[in-house]
$ cat entry.tsv   # TSV, C-alpha atoms and all ligand atoms
chain	number	residue	atom	x	y	z
A	1	MET	CA	-6.24	167.86	-85.74
A	2	THR	CA	-4.55	167.35	-89.03
A	3	ALA	CA	-1.13	168.74	-89.71
A	4	PRO	CA	-1.01	171.52	-92.28
A	5	GLY	CA	-0.52	170.24	-95.76
A	6	GLU	CA	-2.09	166.84	-95.31
A	7	SER	CA	-4.50	166.22	-98.09
A	8	LEU	CA	-7.63	165.69	-95.92
A	9	GLY	CA	-9.08	163.53	-98.65
A	10	ALA	CA	-8.67	166.21	-101.30
A	11	ALA	CA	-7.46	165.29	-104.79
A	12	LEU	CA	-7.12	166.73	-108.24
A	13	VAL	CA	-8.65	164.06	-110.46
A	14	VAL	CA	-7.27	164.04	-114.00
A	15	ASP	CA	-9.40	162.27	-116.60
A	16	HIS	CA	-7.10	160.97	-119.31
A	17	ALA	CA	-9.99	159.81	-121.51
A	18	ALA	CA	-11.10	163.45	-121.65
A	19	LEU	CA	-7.54	164.59	-122.29
A	20	LEU	CA	-7.19	162.12	-125.15
A	21	ALA	CA	-10.52	163.22	-126.63
A	22	ASN	CA	-9.48	166.87	-126.40
A	23	LEU	CA	-6.14	166.19	-128.06
A	24	ASP	CA	-7.93	164.43	-130.91
A	25	ALA	CA	-10.43	167.30	-131.23
A	26	VAL	CA	-7.73	169.97	-131.18
A	27	ARG	CA	-5.52	168.18	-133.71
A	28	ALA	CA	-8.47	167.67	-136.06
A	29	ARG	CA	-9.43	171.31	-135.72
A	30	VAL	CA	-6.01	172.80	-136.47
A	31	ALA	CA	-4.87	170.31	-139.15
A	32	PRO	CA	-2.87	170.47	-141.30
A	33	ALA	CA	-1.07	172.71	-138.82
A	34	GLU	CA	0.80	170.74	-136.20
A	35	LEU	CA	-0.12	170.78	-132.53
A	36	ILE	CA	2.66	171.82	-130.18
A	37	LEU	CA	1.23	170.73	-126.84
A	38	VAL	CA	2.22	173.25	-124.17
A	39	VAL	CA	3.14	171.43	-120.97
A	40	LYS	CA	4.70	174.28	-118.98
A	41	ASP	CA	3.96	174.65	-115.27
A	42	ASP	CA	3.76	170.89	-114.70
A	43	ALA	CA	1.27	170.62	-117.58
A	44	TYR	CA	-0.90	173.36	-116.09
A	45	GLY	CA	-0.79	171.65	-112.70
A	46	LEU	CA	-2.16	168.35	-113.96
A	47	GLY	CA	1.14	166.45	-113.80
A	48	LEU	CA	3.83	166.54	-116.49
A	49	GLY	CA	4.67	162.84	-116.83
A	50	PRO	CA	1.16	161.42	-117.13
A	51	VAL	CA	0.05	164.21	-119.49
A	52	VAL	CA	3.04	163.71	-121.79
A	53	ARG	CA	2.48	159.95	-121.88
A	54	THR	CA	-1.18	160.36	-122.84
A	55	ALA	CA	-0.20	162.91	-125.48
A	56	ILE	CA	2.21	160.42	-127.05
A	57	THR	CA	-0.63	157.89	-127.15
A	58	ALA	CA	-2.71	160.49	-128.95
A	59	GLY	CA	0.03	160.89	-131.54
A	60	VAL	CA	1.34	164.28	-130.40
A	61	THR	CA	4.92	164.76	-131.59
A	62	SER	CA	5.75	168.31	-130.44
A	63	PHE	CA	5.83	169.77	-126.96
A	64	GLY	CA	6.28	173.33	-125.72
A	65	VAL	CA	7.68	174.38	-122.34
A	66	SER	CA	9.07	177.57	-120.91
A	67	ASP	CA	12.04	176.34	-118.86
A	68	LEU	CA	14.96	174.18	-119.92
A	69	GLY	CA	14.70	171.89	-116.89
A	70	THR	CA	11.25	170.77	-117.96
A	71	ALA	CA	12.44	170.43	-121.56
A	72	LEU	CA	15.22	168.07	-120.45
A	73	GLU	CA	12.77	166.12	-118.29
A	74	VAL	CA	10.48	165.60	-121.28
A	75	ARG	CA	13.46	164.60	-123.45
A	76	ALA	CA	14.55	162.05	-120.83
A	77	MET	CA	11.01	160.67	-120.80
A	78	LEU	CA	10.60	160.44	-124.57
A	79	GLY	CA	14.06	159.97	-126.01
A	80	GLU	CA	15.08	161.36	-129.38
A	81	GLY	CA	12.31	161.96	-131.87
A	82	PRO	CA	9.63	164.26	-130.54
A	83	ARG	CA	10.25	167.96	-131.00
A	84	ILE	CA	10.58	169.86	-127.73
A	85	ILE	CA	10.56	173.65	-127.90
A	86	ALA	CA	11.59	175.67	-124.87
A	87	TRP	CA	11.40	179.43	-124.49
A	88	PRO	CA	13.71	180.27	-121.59
A	89	ALA	CA	13.47	183.79	-120.16
A	90	GLY	CA	17.23	184.28	-120.43
A	91	ALA	CA	20.59	182.70	-119.71
A	92	SER	CA	20.47	179.32	-118.01
A	93	PRO	CA	23.15	176.92	-116.77
A	94	LEU	CA	21.21	174.20	-118.62
A	95	LEU	CA	21.75	175.74	-122.03
A	96	GLY	CA	24.59	173.42	-123.05
A	97	ALA	CA	22.66	170.35	-121.94
A	98	ALA	CA	19.57	171.55	-123.79
A	99	ILE	CA	21.52	172.06	-127.03
A	100	ALA	CA	23.13	168.63	-126.64
A	101	ALA	CA	19.67	167.13	-126.11
A	102	SER	CA	18.36	168.70	-129.34
A	103	ILE	CA	15.93	170.97	-127.55
A	104	ASP	CA	14.60	173.64	-129.91
A	105	LEU	CA	15.20	177.06	-128.36
A	106	GLY	CA	12.92	180.06	-128.60
A	107	VAL	CA	15.19	183.10	-128.74
A	108	GLY	CA	13.89	186.67	-128.56
A	109	ASP	CA	16.86	188.82	-127.62
A	110	ALA	CA	20.37	189.47	-128.90
A	111	THR	CA	22.11	188.50	-125.67
A	112	LEU	CA	20.52	185.07	-125.62
A	113	LEU	CA	21.17	184.60	-129.34
A	114	GLU	CA	24.90	185.18	-128.83
A	115	LEU	CA	24.98	182.97	-125.75
A	116	VAL	CA	23.22	180.14	-127.57
A	117	ALA	CA	25.65	180.43	-130.47
A	118	THR	CA	28.80	180.50	-128.32
A	119	THR	CA	27.52	177.64	-126.14
A	120	ALA	CA	26.81	175.55	-129.21
A	121	ALA	CA	30.11	176.45	-130.91
A	122	ALA	CA	32.05	175.50	-127.76
A	123	THR	CA	30.81	171.92	-128.03
A	124	GLY	CA	30.71	171.66	-131.82
A	125	ALA	CA	26.94	171.29	-131.72
A	126	THR	CA	24.39	173.21	-133.77
A	127	ALA	CA	21.65	174.86	-131.72
A	128	ARG	CA	18.12	174.70	-133.14
A	129	VAL	CA	16.72	178.21	-132.85
A	130	HIS	CA	13.22	179.65	-133.23
A	131	LEU	CA	13.55	183.41	-133.56
A	132	LYS	CA	10.82	185.30	-131.74
A	133	ILE	CA	9.47	188.64	-132.83
A	134	ASP	CA	7.58	190.83	-130.38
A	135	THR	CA	4.27	191.59	-132.07
A	136	GLY	CA	2.87	193.78	-129.31
A	137	LEU	CA	2.68	191.72	-126.14
A	138	HIS	CA	6.04	193.13	-124.94
A	139	ARG	CA	6.79	190.03	-122.96
A	140	ASN	CA	9.73	188.86	-124.91
A	141	GLY	CA	10.91	188.88	-128.49
A	142	PHE	CA	12.96	191.08	-130.80
A	143	ARG	CA	11.15	194.35	-131.32
A	144	SER	CA	10.25	195.26	-134.91
A	145	GLU	CA	13.09	197.73	-135.16
A	146	GLU	CA	15.59	195.13	-133.89
A	147	TRP	CA	14.34	192.35	-136.16
A	148	PRO	CA	16.23	193.21	-139.39
A	149	GLY	CA	19.55	193.23	-137.50
A	150	ALA	CA	18.65	190.09	-135.60
A	151	VAL	CA	17.87	188.05	-138.70
A	152	VAL	CA	21.07	189.12	-140.44
A	153	ARG	CA	23.07	188.14	-137.36
A	154	ALA	CA	21.17	184.86	-137.03
A	155	ARG	CA	21.86	184.05	-140.66
A	156	ALA	CA	25.59	184.70	-140.14
A	157	LEU	CA	25.61	182.39	-137.11
A	158	GLU	CA	23.77	179.83	-139.18
A	159	GLU	CA	26.36	180.01	-141.94
A	160	ALA	CA	29.07	179.58	-139.30
A	161	GLY	CA	27.34	176.37	-138.21
A	162	ALA	CA	26.62	177.43	-134.63
A	163	ILE	CA	22.86	177.61	-135.01
A	164	ALA	CA	20.15	176.48	-137.38
A	165	VAL	CA	17.22	178.85	-137.64
A	166	VAL	CA	14.40	176.29	-137.72
A	167	GLY	CA	11.49	178.41	-136.58
A	168	ALA	CA	9.97	181.87	-136.42
A	169	TRP	CA	7.30	182.70	-133.90
A	170	SER	CA	5.47	185.18	-131.74
A	171	HIS	CA	2.93	185.17	-128.94
A	172	ILE	CA	-0.24	187.22	-129.27
A	173	ALA	CA	-2.74	188.57	-126.77
A	174	GLU	CA	-5.84	186.87	-128.22
A	175	ALA	CA	-7.89	189.54	-126.50
A	176	SER	CA	-9.34	191.18	-129.59
A	177	ASP	CA	-9.40	190.27	-133.27
A	178	ALA	CA	-8.22	193.75	-134.27
A	179	GLU	CA	-5.11	193.60	-132.08
A	180	ASP	CA	-4.38	190.09	-133.25
A	181	ASP	CA	-4.67	191.22	-136.87
A	182	ASP	CA	-2.12	193.96	-136.21
A	183	ALA	CA	0.15	191.41	-134.57
A	184	ARG	CA	-0.19	189.09	-137.54
A	185	ALA	CA	0.71	191.88	-139.96
A	186	LEU	CA	3.94	192.43	-138.00
A	187	PHE	CA	4.58	188.70	-138.05
A	188	GLU	CA	4.13	188.58	-141.83
A	189	GLU	CA	6.56	191.44	-142.26
A	190	ALA	CA	9.06	189.67	-140.01
A	191	LEU	CA	8.74	186.47	-142.04
A	192	GLY	CA	9.47	188.45	-145.18
A	193	ARG	CA	12.66	189.88	-143.65
A	194	LEU	CA	13.73	186.43	-142.55
A	195	ALA	CA	13.34	185.05	-146.06
A	196	GLU	CA	15.24	188.01	-147.50
A	197	ALA	CA	18.10	187.28	-145.12
A	198	GLY	CA	18.20	183.74	-146.48
A	199	CYS	CA	16.80	181.85	-143.49
A	200	ARG	CA	14.49	178.99	-144.41
A	201	VAL	CA	12.44	178.06	-141.39
A	202	GLU	CA	10.50	174.83	-141.17
A	203	LEU	CA	8.07	175.97	-138.49
A	204	ARG	CA	6.20	179.27	-138.28
A	205	HIS	CA	3.98	179.48	-135.20
A	206	LEU	CA	1.87	182.29	-133.84
A	207	ALA	CA	-1.39	181.16	-132.24
A	208	ALA	CA	-2.26	179.70	-128.84
A	209	SER	CA	-5.65	178.16	-127.95
A	210	ALA	CA	-8.13	180.84	-128.88
A	211	ALA	CA	-6.74	182.08	-132.20
A	212	ALA	CA	-5.78	178.56	-133.29
A	213	PHE	CA	-9.38	177.47	-132.88
A	214	ALA	CA	-11.19	180.47	-134.24
A	215	ARG	CA	-8.91	181.83	-136.94
A	216	PRO	CA	-7.42	179.54	-139.59
A	217	GLU	CA	-5.12	182.23	-140.98
A	218	PHE	CA	-3.29	182.27	-137.62
A	219	ARG	CA	-2.34	178.62	-137.78
A	220	TYR	CA	0.69	178.68	-140.10
A	221	ASP	CA	2.73	175.48	-139.69
A	222	ALA	CA	2.03	174.89	-136.03
A	223	VAL	CA	0.05	176.16	-133.06
A	224	ARG	CA	1.07	176.17	-129.40
A	225	ILE	CA	-1.87	175.04	-127.31
A	226	GLY	CA	-2.22	174.34	-123.62
A	227	ALA	CA	-5.52	175.53	-122.16
A	228	PHE	CA	-7.95	174.04	-124.67
A	229	CYS	CA	-6.28	170.62	-124.56
A	230	TYR	CA	-6.85	170.65	-120.80
A	231	GLY	CA	-10.47	171.70	-121.21
A	232	VAL	CA	-9.87	175.23	-119.96
A	233	ARG	CA	-11.70	177.63	-122.23
A	234	SER	CA	-10.87	181.32	-122.75
A	235	ALA	CA	-12.37	183.90	-120.46
A	236	ASP	CA	-15.60	185.14	-122.02
A	237	GLY	CA	-15.05	182.75	-124.92
A	238	PRO	CA	-17.35	180.02	-126.18
A	239	ARG	CA	-18.15	177.26	-123.71
A	240	ALA	CA	-15.76	174.32	-123.79
A	241	SER	CA	-18.59	172.00	-124.83
A	242	ALA	CA	-19.36	174.26	-127.82
A	243	LEU	CA	-15.74	173.81	-128.86
A	244	GLY	CA	-16.04	170.04	-128.57
A	245	LEU	CA	-13.77	169.96	-125.52
A	246	ARG	CA	-14.24	168.26	-122.18
A	247	PRO	CA	-13.07	169.30	-118.74
A	248	VAL	CA	-10.03	167.24	-117.81
A	249	ALA	CA	-9.52	168.13	-114.16
A	250	ALA	CA	-11.80	168.00	-111.15
A	251	LEU	CA	-10.85	169.30	-107.72
A	252	ARG	CA	-12.49	167.19	-105.04
A	253	GLY	CA	-12.54	167.46	-101.28
A	254	ALA	CA	-14.15	165.27	-98.65
A	255	VAL	CA	-16.44	166.19	-95.77
A	256	VAL	CA	-14.43	166.22	-92.53
A	257	ALA	CA	-17.10	167.63	-90.19
A	258	VAL	CA	-20.88	167.94	-90.29
A	259	GLU	CA	-22.40	170.84	-88.39
A	260	GLU	CA	-25.92	172.15	-88.06
A	261	ASP	CA	-26.51	173.69	-91.44
A	262	GLU	CA	-22.99	173.55	-92.77
A	263	VAL	CA	-20.34	171.00	-93.55
A	264	VAL	CA	-16.58	171.41	-93.44
A	265	VAL	CA	-14.70	170.07	-96.43
A	266	GLY	CA	-10.99	169.28	-96.34
A	267	ILE	CA	-9.09	170.82	-99.19
A	268	GLY	CA	-5.70	170.10	-97.70
A	269	SER	CA	-3.65	173.02	-98.75
A	270	LEU	CA	-2.95	176.49	-97.58
A	271	ASP	CA	-3.73	178.21	-100.82
A	272	GLY	CA	-5.46	175.81	-103.15
A	273	VAL	CA	-8.70	177.70	-103.50
A	274	PRO	CA	-8.83	181.49	-103.79
A	275	SER	CA	-10.63	182.82	-100.72
A	276	THR	CA	-12.43	185.38	-102.86
A	277	LEU	CA	-14.61	182.55	-104.22
A	278	ALA	CA	-16.46	182.40	-100.87
A	279	GLY	CA	-20.05	183.53	-101.22
A	280	ARG	CA	-19.81	183.65	-105.00
A	281	VAL	CA	-20.03	180.09	-106.25
A	282	ASN	CA	-21.69	176.74	-105.64
A	283	VAL	CA	-19.83	173.47	-105.29
A	284	GLY	CA	-21.09	170.01	-106.24
A	285	THR	CA	-22.25	167.77	-103.37
A	286	PRO	CA	-24.15	164.47	-103.15
A	287	GLY	CA	-27.17	166.66	-102.30
A	288	GLY	CA	-26.75	168.90	-105.36
A	289	ALA	CA	-25.22	172.31	-105.76
A	290	ARG	CA	-24.50	174.06	-102.47
A	291	ALA	CA	-23.13	177.49	-101.67
A	292	LEU	CA	-19.47	177.82	-100.83
A	293	ARG	CA	-19.68	179.98	-97.72
A	294	ARG	CA	-16.12	180.29	-96.49
A	295	VAL	CA	-12.59	179.43	-97.59
A	296	ASP	CA	-10.08	178.89	-94.80
A	297	ALA	CA	-6.49	177.73	-94.91
A	298	GLU	CA	-7.19	174.04	-95.33
A	299	VAL	CA	-10.94	173.71	-95.31
A	300	LEU	CA	-14.03	175.00	-97.06
A	301	THR	CA	-17.35	175.64	-95.35
A	302	VAL	CA	-20.30	174.64	-97.50
A	303	ALA	CA	-24.08	174.83	-96.98
A	304	SER	CA	-25.28	171.40	-95.87
A	305	TRP	CA	-27.69	168.95	-97.48
A	306	PRO	CA	-29.95	166.24	-96.05
A	307	GLY	CA	-27.97	163.18	-95.01
A	308	ALA	CA	-24.56	164.84	-95.29
A	309	ALA	CA	-21.95	162.46	-93.90
A	310	LEU	CA	-18.25	162.36	-93.15
A	311	GLY	CA	-16.25	161.43	-96.23
A	312	ASP	CA	-18.88	162.64	-98.72
A	313	PRO	CA	-17.18	163.94	-101.87
A	314	VAL	CA	-17.48	167.61	-102.77
A	315	THR	CA	-16.45	168.94	-106.18
A	316	VAL	CA	-15.01	172.45	-106.27
A	317	PHE	CA	-14.62	172.41	-110.04
A	318	GLY	CA	-14.90	169.78	-112.70
A	319	PRO	CA	-17.62	168.01	-114.62
A	320	GLY	CA	-20.81	167.24	-112.72
A	321	GLU	CA	-24.55	167.03	-113.09
A	322	GLN	CA	-25.82	169.95	-111.11
A	323	HIS	CA	-22.82	172.08	-110.46
A	324	GLU	CA	-21.26	172.27	-113.92
A	325	ARG	CA	-18.33	174.43	-112.98
A	326	SER	CA	-15.14	174.52	-114.89
A	327	ALA	CA	-12.00	176.18	-113.64
A	328	THR	CA	-12.83	179.00	-116.06
A	329	THR	CA	-16.35	179.50	-114.74
A	330	LEU	CA	-14.96	179.83	-111.23
A	331	ALA	CA	-12.25	182.14	-112.45
A	332	GLU	CA	-14.71	184.47	-114.14
A	333	THR	CA	-16.59	185.06	-110.89
A	334	ILE	CA	-13.42	186.57	-109.44
A	335	GLY	CA	-12.08	188.21	-112.57
A	336	THR	CA	-9.23	185.86	-113.37
A	337	ILE	CA	-8.58	183.06	-115.87
A	338	GLY	CA	-9.03	179.29	-115.67
A	339	GLU	CA	-5.30	178.57	-115.78
A	340	GLU	CA	-4.93	180.63	-112.63
A	341	ILE	CA	-7.40	178.42	-110.77
A	342	LEU	CA	-5.67	175.24	-111.96
A	343	LEU	CA	-2.22	176.52	-111.10
A	344	ARG	CA	-3.40	177.45	-107.62
A	345	VAL	CA	-4.03	173.81	-106.79
A	346	SER	CA	-1.17	173.05	-104.43
A	347	PRO	CA	1.36	170.43	-105.49
A	348	ARG	CA	0.67	168.87	-102.08
A	349	ILE	CA	-2.81	167.86	-103.18
A	350	PRO	CA	-2.46	164.40	-104.70
A	351	ARG	CA	-3.20	164.01	-108.41
A	352	ILE	CA	-5.32	160.99	-109.23
A	353	HIS	CA	-4.89	159.94	-112.83
A	354	LEU	CA	-7.83	158.09	-114.36
A	355	PRO	CA	-6.44	156.10	-117.27
A	356	ALA	CA	-7.79	156.63	-120.76
A	357	GLY	CA	-8.69	152.94	-120.76
A	358	GLU	CA	-7.90	152.61	-124.38
A	359	VAL	CA	-4.80	151.48	-126.23
A	360	ARG	CA	-5.11	152.56	-129.79
A	361	PRO	CA	-3.67	150.51	-132.57
A	362	GLY	CA	-1.03	152.24	-134.62
A	363	ASN	CA	0.23	154.50	-131.88
A	364	PRO	CA	2.86	153.57	-129.35
A	365	ALA	CA	1.28	153.09	-125.94
A	401	LIG	C1	1.32	179.28	-122.30
A	401	LIG	C2	1.73	179.55	-123.67
A	401	LIG	C3	0.97	179.08	-124.76
A	401	LIG	C4	-0.32	178.32	-124.58
A	401	LIG	O1	-1.39	179.18	-124.35
A	401	LIG	P1	-2.88	178.61	-124.11
A	401	LIG	O2	-3.73	179.81	-124.13
A	401	LIG	O3	-2.84	177.91	-122.80
A	401	LIG	O4	-3.17	177.68	-125.23
A	401	LIG	C5	1.44	179.32	-126.03
A	401	LIG	N1	2.58	180.01	-126.24
A	401	LIG	C6	3.33	180.49	-125.22
A	401	LIG	C7	4.57	181.25	-125.53
A	401	LIG	C8	2.93	180.29	-123.91
A	401	LIG	O5	3.67	180.77	-122.91
$ encode --input "entry.tsv" --output "structure tokens"
Amino acid sequence: MTAPGESLGAALVVDHAALLANLDAVRARVAPAELILVVKDDAYGLGLGPVVRTAITAGVTSFGVSDLGTALEVRAMLGEGPRIIAWPAGASPLLGAAIAASIDLGVGDATLLELVATTAAATGATARVHLKIDTGLHRNGFRSEEWPGAVVRARALEEAGAIAVVGAWSHIAEASDAEDDDARALFEEALGRLAEAGCRVELRHLAASAAAFARPEFRYDAVRIGAFCYGVRSADGPRASALGLRPVAALRGAVVAVEEDEVVVGIGSLDGVPSTLAGRVNVGTPGGARALRRVDAEVLTVASWPGAALGDPVTVFGPGEQHERSATTLAETIGTIGEEILLRVSPRIPRIHLPAGEVRPGNPA
């Protein structure tokens, strides 16, 4: 028997040619707005370092993360130059290091604003701040009624030299156009207040994948995009191929046992594949699409095919001839979103990075 957690031949295969093509497609689509590539959660489970390196090859110059640790990791990888925006949930012991490393900070509450300012002032540095307004998602951000006070305070801290207000932003639901329109109206009002207070921001950013693609008026100076760059489309949205995007990740397992009319496929992790997918989807096999019958802790049971043999590759999601299943397609069968499926892939499953195979003149490799 195999010890729990061994990979059993499973791998998440990351296609960097597809990633590069998606980055080109996304940048062309949103131009002249700038792409802030969101690389939170280990670049949506694909692997932070390799994704960031390919993005640099593609000419990406701005990155978005949620936590300061990841922001510092990206800074260490890239050196000075690229813009790195982090939106920490609150106080963090890494705040001083982040300010010293010129990490742009998303700030959406008064406590954090004061902390950022005092931390910066203590070291004589100026913190680069993107003020966040809550436009309805209620996740984070100054509420509309708090905003006028917040911008006046931010302006005072700016005049004192502790912070520079370089950005204004919000995050929207992208669930319905009407709600997004309401959110944008609040954003516009907030921008007006900011200007009145005397803050001149260089970067206004509102949209993530879906709105950035579909709605030019949501693009402002920059858009924060993760999912579409990784080939994960929106739930119930247009197909990735219709958007000119390619799947980047494929989750593969290998046959570890052949039984009468079923095969057992190693997937090597306790929780990599949601068990609720059993009986609802097909997986890709050398014999074509076959039903996924059962999901156990480290193995999948799949309907067999003629000539099934040990070691045969089985694709749970990813590009393929007969089983075209993206993480999003799988997700929809169980009422969740593609990111959720990607993020479920255990860090213990090895990532195999297929190089883009292309060094492009004019961009640093
Ligand atoms: C994750 C995230 C994004 C990216 O969203 P996608 O739908 O993956 O493009 C943008 N902004 C914030 C604040 C996020 O947390």
$ residues_around --input "entry.tsv" --residues "Glu159 of chain A" --least-positions-apart "3" --cutoff "12 Å" --atoms "all atoms listed in the file" --output "list of chain:residue names"
A:Ala117, A:Thr126, A:Val152, A:Arg153, A:Ala154, A:Arg155, A:Ala156, A:Ala162, A:Ile163, A:Ala164, A:Val165, A:Ala197, A:Gly198, A:Cys199
$ write_last_selection --input "entry.tsv" --atoms "C-alpha atoms" --output "PDB file, keeping the file's coordinate frame"
ATOM      1  CA  ALA A 117      25.650 180.430-130.470  1.00  0.00           C
ATOM      2  CA  THR A 126      24.390 173.210-133.770  1.00  0.00           C
ATOM      3  CA  VAL A 152      21.070 189.120-140.440  1.00  0.00           C
ATOM      4  CA  ARG A 153      23.070 188.140-137.360  1.00  0.00           C
ATOM      5  CA  ALA A 154      21.170 184.860-137.030  1.00  0.00           C
ATOM      6  CA  ARG A 155      21.860 184.050-140.660  1.00  0.00           C
ATOM      7  CA  ALA A 156      25.590 184.700-140.140  1.00  0.00           C
ATOM      8  CA  ALA A 162      26.620 177.430-134.630  1.00  0.00           C
ATOM      9  CA  ILE A 163      22.860 177.610-135.010  1.00  0.00           C
ATOM     10  CA  ALA A 164      20.150 176.480-137.380  1.00  0.00           C
ATOM     11  CA  VAL A 165      17.220 178.850-137.640  1.00  0.00           C
ATOM     12  CA  ALA A 197      18.100 187.280-145.120  1.00  0.00           C
ATOM     13  CA  GLY A 198      18.200 183.740-146.480  1.00  0.00           C
ATOM     14  CA  CYS A 199      16.800 181.850-143.490  1.00  0.00           C
TER      15      CYS A 199
END
$ closest_residue --input "entry.tsv" --among "A:His353, A:Ala190, A:Val30, A:Gly81" --to "Phe218 of chain A" --atoms "only C-alpha atoms"
A:Val30
$ atom_distance --input "entry.tsv" --atom1 "atom CA of Glu80 of chain A" --atom2 "atom CA of Asp42 of chain A"
20.8 Å
$ residues_around --input "entry.tsv" --residues "Val38 of chain A" --least-positions-apart "3" --cutoff "9 Å" --atoms "only C-alpha atoms" --output "MDAnalysis selection string"
chainID A and resid 43:44 62:66 224:227 229
$ residues_around --input "entry.tsv" --residues "Arg252 of chain A" --least-positions-apart "2" --cutoff "8 Å" --atoms "all atoms listed in the file" --output "mmCIF file with C-alpha atoms, in the frame of the given file"
data_model
loop_
_atom_site.group_PDB
_atom_site.id
_atom_site.type_symbol
_atom_site.label_atom_id
_atom_site.label_comp_id
_atom_site.auth_asym_id
_atom_site.auth_seq_id
_atom_site.Cartn_x
_atom_site.Cartn_y
_atom_site.Cartn_z
ATOM 1 C CA ALA A 10 -8.670 166.210 -101.300
ATOM 2 C CA ALA A 11 -7.460 165.290 -104.790
ATOM 3 C CA LEU A 12 -7.120 166.730 -108.240
ATOM 4 C CA VAL A 13 -8.650 164.060 -110.460
ATOM 5 C CA ALA A 250 -11.800 168.000 -111.150
ATOM 6 C CA ALA A 254 -14.150 165.270 -98.650
ATOM 7 C CA ILE A 267 -9.090 170.820 -99.190
ATOM 8 C CA PRO A 313 -17.180 163.940 -101.870
ATOM 9 C CA VAL A 314 -17.480 167.610 -102.770
ATOM 10 C CA THR A 315 -16.450 168.940 -106.180
ATOM 11 C CA VAL A 316 -15.010 172.450 -106.270
ATOM 12 C CA PHE A 317 -14.620 172.410 -110.040
#
$ residues_around --input "entry.tsv" --residues "segment 337-350 of chain A" --least-positions-apart "3" --cutoff "10 Å" --atoms "all atoms listed in the file" --output "ChimeraX atom specification"
/A:5-13,41-47,226-227,230-236,249-253,267-274,317,326-334,353
$ closest_residue --input "entry.tsv" --among "A:Ser92, A:Ser241, A:Ser209, A:Asn22" --to "ligand LIG 401 (chain A)" --atoms "all atoms listed in the file"
A:Ser209
$ residues_around --input "entry.tsv" --residues "Arg139 of chain A" --least-positions-apart "3" --cutoff "9 Å" --atoms "all atoms listed in the file" --output "list of chain:residue names"
A:Asp134, A:Gly136, A:His171
$ closest_residue --input "entry.tsv" --among "A:His205, A:Arg27, A:Arg128, A:His16" --to "ligand LIG 401 (chain A)" --atoms "only C-alpha atoms and all ligand atoms"
A:His205
$ closest_residue --input "entry.tsv" --among "A:Ala207, A:Ala31, A:Ala303, A:Leu20" --to "Gly279 of chain A" --atoms "all atoms listed in the file"
A:Ala303
$ axis_aligned_box --input "entry.tsv" --around "segment 188-202 of chain A" --padding-each-side "8 Å" --output "JSON"
{"center_x": 11.2, "center_y": 183.1, "center_z": -143.8, "size_x": 30.1, "size_y": 32.6, "size_z": 23.5}
$ closest_residue --input "entry.tsv" --among "A:Glu174, A:Glu259, A:Asp24, A:Asp181" --to "ligand LIG 401 (chain A)" --atoms "only C-alpha atoms and all ligand atoms"
A:Glu174
$ atom_distance --input "entry.tsv" --atom1 "atom CA of His130 of chain A" --atom2 "atom CA of Gly106 of chain A"
4.7 Å
$ atom_distance --input "entry.tsv" --atom1 "atom CA of Asp261 of chain A" --atom2 "atom CA of Ser304 of chain A"
5.1 Å
$ decode --input "entry.tsv" --residues "segment 157-180 of chain A" --atoms "C-alpha atoms" --output "PDB file, in the first residue's frame"
ATOM      1  CA  LEU A 157      -1.454  61.811   6.433  1.00  0.00           C
ATOM      2  CA  GLU A 158      -0.272  62.379   2.894  1.00  0.00           C
ATOM      3  CA  GLU A 159       0.596  65.999   3.622  1.00  0.00           C
ATOM      4  CA  ALA A 160       2.487  64.821   6.708  1.00  0.00           C
ATOM      5  CA  GLY A 161       4.546  62.551   4.444  1.00  0.00           C
ATOM      6  CA  ALA A 162       3.560  59.261   6.077  1.00  0.00           C
ATOM      7  CA  ILE A 163       1.562  57.937   3.149  1.00  0.00           C
ATOM      8  CA  ALA A 164       1.052  58.615  -0.526  1.00  0.00           C
ATOM      9  CA  VAL A 165      -2.453  57.927  -1.768  1.00  0.00           C
ATOM     10  CA  VAL A 166      -1.579  56.308  -5.100  1.00  0.00           C
ATOM     11  CA  GLY A 167      -4.749  54.350  -5.773  1.00  0.00           C
ATOM     12  CA  ALA A 168      -8.489  54.110  -5.261  1.00  0.00           C
ATOM     13  CA  TRP A 169     -10.294  50.841  -5.698  1.00  0.00           C
ATOM     14  CA  SER A 170     -13.167  48.529  -4.917  1.00  0.00           C
ATOM     15  CA  HIS A 171     -14.157  44.933  -5.505  1.00  0.00           C
ATOM     16  CA  ILE A 172     -17.502  44.148  -7.115  1.00  0.00           C
ATOM     17  CA  ALA A 173     -19.679  41.052  -7.200  1.00  0.00           C
ATOM     18  CA  GLU A 174     -19.810  40.649 -10.994  1.00  0.00           C
ATOM     19  CA  ALA A 175     -22.984  38.669 -10.496  1.00  0.00           C
ATOM     20  CA  SER A 176     -25.372  41.001 -12.293  1.00  0.00           C
ATOM     21  CA  ASP A 177     -24.902  44.060 -14.487  1.00  0.00           C
ATOM     22  CA  ALA A 178     -27.445  46.041 -12.479  1.00  0.00           C
ATOM     23  CA  GLU A 179     -25.642  45.493  -9.170  1.00  0.00           C
ATOM     24  CA  ASP A 180     -22.321  46.262 -10.781  1.00  0.00           C
TER      25      ASP A 180
END
